[in-house]
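Undergrad: Before I ask anything, let me first share the structure, which is written out below as structure tokens.
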Amino acid sequence: MTKIDAFAHILTTKFLSSMEAIDPTVLDKFPFMKNVVLTNIDKHVASVPEGV
């Protein structure tokens, strides 16, 4: 069965690095961005339950 990922939010490590270069406190301001599922695509895919 093909999975459809309705939670398509990702935060690439390159983009996060760019944001941190502009504002080193960005993760303190937006702690939700520390969620590894946003930055690690393999963990994101693995987090999708079977049968979804």
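Within each chain, counting starts at residue 1; across the structure tokens, chains are named A, B, ... in the order shown, with ligands numbered 1 upward in that order.
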Find the residues around Ser17 of chain A up to 12 Å (only C-alpha atoms counted), leave out those fewer than 6 positions away in its own chain, and share them as a list in words.

TA: Leu11, Asp23, Pro24, Thr25, Val26, Leu27, Met33 and Thr39 of chain A

Undergrad: With a distance cut-off of 9 Å and only C-alpha atoms, select the neighbouring residues of Ile41 of chain A, excluding the residue or stretch itself and same-chain residues fewer than 5 positions from it, and output the selection as number ranges by chain.

TA: A: 10, 12, 36, 46

Undergrad: Skip Leu38 of chain A itself and residues of its chain fewer than 6 positions away, then list as a list of chain:residue names all residues within 12 Å of it, counting only C-alpha atoms.

TA: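 The filter keeps A:Phe7, A:Ala8, A:His9, A:Ile10, A:Leu11, A:Thr12, A:Thr13, A:Phe15, A:Leu16, A:Pro31, A:Phe32, A:His44, A:Val45, A:Ser47.
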
Undergrad: Run DSSP on the backbone and grab whatever in chain A lands in helix (DSSP H, G or I); send it over as a list of chain:residue names.

TA: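 So, restricting chain A to helix (DSSP H, G or I), we get A:Thr13, A:Lys14, A:Phe15, A:Leu16, A:Ser17, A:Ser18, A:Met19, A:Glu20, A:Ala21, A:Ile22, A:Val26, A:Leu27, A:Asp28, A:Lys29, A:Pro31, A:Phe32, A:Met33, A:Lys34, A:Val36, A:Val37, A:Leu38, A:Thr39, A:Ile41, A:Asp42, A:Lys43, A:His44, A:Val45, A:Ala46, A:Ser47.
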